[in-house]
file input.cif (mmCIF, C-alpha atoms and all ligand atoms)
data_entry
#
loop_
_atom_site.label_atom_id
_atom_site.label_comp_id
_atom_site.auth_asym_id
_atom_site.auth_seq_id
_atom_site.Cartn_x
_atom_site.Cartn_y
_atom_site.Cartn_z
CA MET A 1 158.94 101.18 45.91
CA VAL A 2 162.46 102.20 44.92
CA LEU A 3 165.27 101.29 47.28
CA GLU A 4 166.06 104.89 48.25
CA GLU A 5 162.46 105.39 49.36
CA ILE A 6 162.54 102.17 51.39
CA PHE A 7 165.69 103.32 53.23
CA LYS A 8 164.14 106.70 53.99
CA LYS A 9 160.83 105.23 55.14
CA ARG A 10 162.38 102.71 57.53
CA GLU A 11 162.09 104.08 61.02
CA ALA A 12 161.54 102.88 64.57
CA VAL A 13 157.77 102.59 64.98
CA ARG A 14 156.31 101.88 68.42
CA ASN A 15 152.57 102.40 67.80
CA TYR A 16 150.74 99.99 65.57
CA LEU A 17 147.28 99.44 64.19
CA GLU A 18 145.42 96.44 65.56
CA LYS A 19 145.60 94.82 62.15
CA ASP A 20 146.90 91.35 61.51
CA VAL A 21 149.96 90.58 59.39
CA SER A 22 149.03 87.72 57.05
CA GLU A 23 150.96 84.46 56.74
CA ASP A 24 151.70 85.43 53.17
CA LEU A 25 153.34 88.69 54.26
CA ILE A 26 155.31 86.93 56.99
CA LYS A 27 156.65 84.43 54.43
CA LYS A 28 157.54 87.21 51.99
CA ILE A 29 159.40 89.16 54.68
CA LEU A 30 161.38 86.07 55.73
CA LYS A 31 162.24 85.10 52.15
CA LEU A 32 163.51 88.60 51.39
CA ALA A 33 165.52 88.74 54.62
CA SER A 34 167.03 85.35 53.75
CA LEU A 35 168.68 87.03 50.76
CA SER A 36 171.00 88.85 53.17
CA PRO A 37 174.64 87.73 53.19
CA SER A 38 176.22 85.51 55.81
CA ALA A 39 179.74 84.34 56.57
CA GLY A 40 180.55 81.49 54.19
CA ASN A 41 176.81 81.39 53.42
CA LEU A 42 176.44 79.33 56.61
CA GLN A 43 173.38 81.41 57.66
CA ALA A 44 174.12 80.84 61.32
CA ARG A 45 170.80 82.31 62.37
CA ARG A 46 167.29 81.16 63.18
CA VAL A 47 164.02 83.03 63.61
CA ILE A 48 161.26 82.54 66.13
CA ILE A 49 157.94 83.98 64.98
CA VAL A 50 155.90 85.10 67.97
CA LYS A 51 152.21 85.67 67.26
CA ASN A 52 150.56 84.24 70.36
CA PRO A 53 149.12 87.24 72.29
CA ALA A 54 149.83 85.73 75.73
CA ILE A 55 153.49 85.13 74.85
CA ARG A 56 153.83 88.58 73.32
CA LYS A 57 152.46 90.00 76.56
CA LYS A 58 155.04 88.03 78.55
CA LEU A 59 157.78 89.44 76.35
CA LYS A 60 156.39 92.95 76.77
CA VAL A 61 156.47 92.81 80.58
CA THR A 62 159.89 91.15 80.66
CA CYS A 63 161.83 93.12 78.04
CA SER A 64 162.66 96.74 78.82
CA GLY A 65 163.17 97.38 75.11
CA LEU A 66 159.46 96.85 74.48
CA GLY A 67 158.56 99.35 77.22
CA ARG A 68 158.00 102.30 74.90
CA PHE A 69 155.50 100.45 72.75
CA THR A 70 151.99 101.74 73.38
CA ILE A 71 150.16 99.68 70.79
CA GLU A 72 152.01 96.48 70.08
CA PRO A 73 152.27 94.88 66.67
CA PRO A 74 150.76 91.46 65.91
CA VAL A 75 154.04 89.69 65.24
CA ILE A 76 157.51 89.74 66.77
CA PHE A 77 160.45 88.15 64.98
CA VAL A 78 163.07 87.02 67.46
CA ILE A 79 166.30 86.59 65.57
CA CYS A 80 168.85 84.26 67.08
CA SER A 81 172.45 83.55 66.23
CA VAL A 82 173.81 80.00 66.13
CA PRO A 83 177.40 80.51 67.34
CA GLU A 84 178.52 76.89 67.10
CA GLU A 85 177.30 76.59 63.51
CA SER A 86 179.72 79.34 62.53
CA ALA A 87 182.46 78.10 64.89
CA ILE A 88 182.67 74.78 63.03
CA ARG A 89 184.26 76.58 60.10
CA TYR A 90 185.58 79.81 61.60
CA GLY A 91 186.47 78.96 65.19
CA ASP A 92 186.31 81.81 67.73
CA ARG A 93 185.76 84.46 65.06
CA GLY A 94 182.71 82.57 63.84
CA ARG A 95 181.46 81.92 67.38
CA ASN A 96 181.95 85.48 68.67
CA LEU A 97 181.47 87.64 65.62
CA TYR A 98 180.21 86.06 62.39
CA ALA A 99 177.16 84.37 63.90
CA LEU A 100 176.19 87.71 65.43
CA GLN A 101 176.69 89.45 62.10
CA ASP A 102 174.69 86.74 60.29
CA ALA A 103 171.79 87.43 62.66
CA THR A 104 171.97 91.23 62.64
CA ILE A 105 172.30 91.65 58.90
CA PHE A 106 169.27 89.36 58.56
CA ALA A 107 167.39 91.68 60.94
CA SER A 108 168.41 94.75 58.89
CA TYR A 109 167.16 93.19 55.68
CA LEU A 110 163.98 92.13 57.47
CA GLN A 111 163.28 95.73 58.47
CA LEU A 112 163.73 96.93 54.89
CA ALA A 113 161.65 94.03 53.53
CA ALA A 114 158.85 94.99 55.91
CA VAL A 115 158.86 98.59 54.62
CA SER A 116 158.84 97.40 51.00
CA LEU A 117 155.64 95.47 51.81
CA GLY A 118 153.92 98.45 53.47
CA LEU A 119 154.75 97.48 57.04
CA ALA A 120 156.74 99.07 59.85
CA SER A 121 159.04 97.71 62.54
CA CYS A 122 161.42 98.57 65.33
CA TRP A 123 164.80 97.14 66.29
CA VAL A 124 164.64 95.96 69.91
CA GLY A 125 167.90 95.05 71.57
CA SER A 126 167.21 95.78 75.21
CA PHE A 127 166.28 92.47 76.83
CA ASP A 128 167.69 89.74 79.01
CA GLU A 129 168.48 86.93 76.59
CA ASN A 130 168.19 84.24 79.28
CA LYS A 131 164.69 85.38 80.22
CA VAL A 132 163.67 85.54 76.54
CA SER A 133 165.09 82.05 75.96
CA GLU A 134 163.07 80.79 78.92
CA ILE A 135 159.78 82.38 77.78
CA LEU A 136 160.19 81.11 74.20
CA ASN A 137 161.75 77.79 75.18
CA ILE A 138 164.76 78.45 72.97
CA PRO A 139 167.44 75.72 73.02
CA LYS A 140 170.88 76.58 74.40
CA ASN A 141 172.58 76.55 70.98
CA LEU A 142 170.52 79.56 69.82
CA VAL A 143 171.18 83.02 71.23
CA PRO A 144 168.43 85.65 70.90
CA VAL A 145 170.18 88.71 69.48
CA VAL A 146 167.46 91.09 68.37
CA MET A 147 163.67 91.31 68.28
CA ILE A 148 161.88 92.95 65.37
CA PRO A 149 158.20 93.61 66.07
CA VAL A 150 156.38 94.13 62.76
CA GLY A 151 152.95 95.56 61.95
CA PHE A 152 151.06 98.36 60.28
CA SER A 153 152.14 101.77 61.55
CA GLU A 154 149.84 104.16 63.31
CA GLU A 155 152.48 106.90 63.40
CA GLU A 156 153.23 109.80 61.13
CA PRO A 157 156.76 109.55 59.77
CA GLY A 158 159.20 111.67 61.80
CA GLU A 159 162.43 113.47 61.02
CA LYS A 160 165.62 111.47 61.12
CA SER A 161 168.51 112.94 63.07
CA ARG A 162 171.86 111.69 61.90
CA LYS A 163 175.51 112.61 62.28
CA ILE A 164 176.72 114.69 59.38
CA LEU A 165 179.23 112.97 57.11
CA ALA A 166 182.11 115.00 58.57
CA GLU A 167 181.38 113.40 61.97
CA LEU A 168 180.68 109.97 60.55
CA VAL A 169 183.79 109.63 58.40
CA PHE A 170 186.68 109.16 60.79
CA LYS A 171 189.34 109.55 58.14
CA GLU A 172 190.00 109.22 54.47
CA ILE A 173 193.43 107.97 53.51
C1 LIG B 201 171.27 97.96 68.49
C2 LIG B 201 169.94 98.66 68.62
C3 LIG B 201 169.19 98.47 69.76
C4 LIG B 201 167.94 99.09 69.89
N1 LIG B 201 167.16 98.78 70.96
C5 LIG B 201 165.93 99.33 71.07
C6 LIG B 201 165.07 98.92 72.13
O1 LIG B 201 165.40 98.07 72.94
N2 LIG B 201 163.83 99.50 72.20
C7 LIG B 201 163.41 100.43 71.29
O2 LIG B 201 162.26 100.90 71.42
N3 LIG B 201 164.21 100.83 70.26
C8 LIG B 201 165.44 100.29 70.12
N4 LIG B 201 166.24 100.62 69.04
C9 LIG B 201 165.75 101.57 68.02
C10 LIG B 201 166.49 102.90 68.06
O3 LIG B 201 166.06 103.66 69.16
C11 LIG B 201 166.28 103.66 66.74
O4 LIG B 201 166.68 102.85 65.66
C12 LIG B 201 167.07 104.97 66.71
O5 LIG B 201 166.56 105.88 67.65
C13 LIG B 201 167.06 105.64 65.34
O6 LIG B 201 165.74 105.91 64.92
P1 LIG B 201 165.17 105.32 63.55
O7 LIG B 201 165.27 103.79 63.64
O8 LIG B 201 163.73 105.77 63.51
O9 LIG B 201 165.98 105.83 62.42
C14 LIG B 201 167.46 99.98 68.88
C15 LIG B 201 168.23 100.14 67.73
C16 LIG B 201 169.43 99.46 67.58
C17 LIG B 201 170.19 99.58 66.28
#

call {"tool": "encode", "arguments": {"input": "input.cif", "output": "structure tokens", "more": "lines below"}}
Ligand SMILES: Cc1cc2nc3c(=O)[nH]c(=O)nc-3n(C[C@H](O)[C@H](O)[C@H](O)COP(=O)(O)O)c2cc1C
result
Amino acid sequence: MVLEEIFKKREAVRNYLEKDVSEDLIKKILKLASLSPSAGNLQARRVIIVKNPAIRKKLKVTCSGLGRFTIEPPVIFVICSVPEESAIRYGDRGRNLYALQDATIFASYLQLAAVSLGLASCWVGSFDENKVSEILNIPKNLVPVVMIPVGFSEEEPGEKSRKILAELVFKEI
């Protein structure tokens, strides 16, 4: 699939087929996402792969961001930042910004990697990070930043509504 097609196909999918995502696909997705940049190549991010149905159910009832999902996907990637890993080199800017960017750019690549492998996903940001940390037993040094559920789509692709460039571009100087 050419890159332009991957960008256009990536969309927020909330209905999935009850079809498993293989270990091989999970590894491929993670390896591709790992090619994303990071501040000083520190890669101040970690991923928790949630496949266990009981734990996914706990996340579903706890996280408002998963509320619109009717048929859930078989795997949820919980992407965490590691603020202190970035702070060692970059101080407050690493702690407050770069670690977050390391995690979110990883998530963006992960979404595109999933599309390139015939899968769909959705960015989920609406959740209480303390509750998620408790459910997944995440240590204090990792901060859950975004969840990306991934699976095979059951939806027809929709239209994308976007700001026109004249609204997007604030100024050209
Ligand atoms: C920062 C952020 C937070 C989001 N949080 C949620 C969420 O909690 N639950 C959800 O169903 N979708 C969530 N989305 C998905 C957006 O609703 C979706 O990306 C947007 O409507 C554009 O549609 P598209 O992804 O199909 O292009 C989030 C997206 C972003 C970037």

call {"tool": "closest_residue", "arguments": {"input": "input.cif", "among": "A:Val13, A:Ala114, A:Ala166, A:Ile105", "to": "ligand LIG 201 (chain B)", "atoms": "all atoms listed in the file"}}
result
A:Val13

call {"tool": "atom_distance", "arguments": {"input": "input.cif", "atom1": "atom CA of A:Ser153", "atom2": "atom CA of A:Leu136"}}
result
25.5 Å

call {"tool": "closest_atom_pairs", "arguments": {"input": "input.cif", "of": "chain A", "to": "ligand LIG 201 (chain B)", "cutoff": "10 Å", "atoms": "only C-alpha atoms and all ligand atoms", "output": "Markdown table"}}
result
| residue | atom | partner | partner_atom | distance |
| --- | --- | --- | --- | --- |
| A:Phe7 | CA | B:LIG201 | O9 | 9.5 |
| A:Lys8 | CA | B:LIG201 | O9 | 8.7 |
| A:Lys9 | CA | B:LIG201 | O8 | 8.9 |
| A:Arg10 | CA | B:LIG201 | O9 | 6.8 |
| A:Glu11 | CA | B:LIG201 | O8 | 3.4 |
| A:Ala12 | CA | B:LIG201 | O8 | 3.8 |
| A:Val13 | CA | B:LIG201 | O8 | 6.9 |
| A:Arg14 | CA | B:LIG201 | O2 | 6.7 |
| A:Cys63 | CA | B:LIG201 | O1 | 8.0 |
| A:Ser64 | CA | B:LIG201 | O1 | 6.6 |
| A:Gly65 | CA | B:LIG201 | O1 | 3.2 |
| A:Leu66 | CA | B:LIG201 | N2 | 5.6 |
| A:Gly67 | CA | B:LIG201 | O2 | 7.1 |
| A:Arg68 | CA | B:LIG201 | O2 | 5.7 |
| A:Phe69 | CA | B:LIG201 | O2 | 6.9 |
| A:Thr104 | CA | B:LIG201 | C1 | 8.9 |
| A:Ala107 | CA | B:LIG201 | C17 | 9.9 |
| A:Ser108 | CA | B:LIG201 | C17 | 9.0 |
| A:Gln111 | CA | B:LIG201 | O7 | 9.8 |
| A:Ser121 | CA | B:LIG201 | O7 | 8.8 |
| A:Cys122 | CA | B:LIG201 | C9 | 5.9 |
| A:Trp123 | CA | B:LIG201 | N4 | 4.7 |
| A:Val124 | CA | B:LIG201 | C6 | 3.7 |
| A:Gly125 | CA | B:LIG201 | N1 | 3.9 |
| A:Ser126 | CA | B:LIG201 | O1 | 3.7 |
| A:Phe127 | CA | B:LIG201 | O1 | 6.9 |
| A:Val145 | CA | B:LIG201 | C1 | 9.4 |
| A:Val146 | CA | B:LIG201 | C3 | 7.7 |
| A:Met147 | CA | B:LIG201 | O1 | 8.4 |
| A:Ile148 | CA | B:LIG201 | C8 | 9.4 |
| A:Pro149 | CA | B:LIG201 | O2 | 9.9 |
| A:Pro157 | CA | B:LIG201 | O8 | 8.8 |
| A:Gly158 | CA | B:LIG201 | O8 | 7.6 |
| A:Glu159 | CA | B:LIG201 | O8 | 8.2 |
| A:Lys160 | CA | B:LIG201 | O9 | 5.8 |
| A:Ser161 | CA | B:LIG201 | O9 | 7.6 |
| A:Arg162 | CA | B:LIG201 | O9 | 8.3 |

call {"tool": "residues_around", "arguments": {"input": "input.cif", "residues": "stretch 45-53 of chain A", "least_positions_apart": "4", "cutoff": "10 Å", "atoms": "all atoms listed in the file", "output": "PyMOL selection string"}}
result
chain A and resi 20-21+26+30+34+38+57-59+72-83+85-86+99-104+106-107+136+138+142-149

call {"tool": "closest_residue", "arguments": {"input": "input.cif", "among": "A:Ile135, A:Leu165, A:Leu117, A:Leu112", "to": "A:Ala33", "atoms": "all atoms listed in the file"}}
result
A:Leu112

call {"tool": "closest_residue", "arguments": {"input": "input.cif", "among": "A:Leu25, A:Ile88, A:Lys163, A:Ser116", "to": "A:Gly40", "atoms": "all atoms listed in the file"}}
result
A:Ile88

call {"tool": "closest_residue", "arguments": {"input": "input.cif", "among": "A:Met1, A:Ala120, A:Ala113, A:Ala39", "to": "A:Tyr90", "atoms": "only C-alpha atoms"}}
result
A:Ala39

call {"tool": "atom_distance", "arguments": {"input": "input.cif", "atom1": "atom CA of A:Asn96", "atom2": "atom CA of A:Glu84"}}
result
9.4 Å
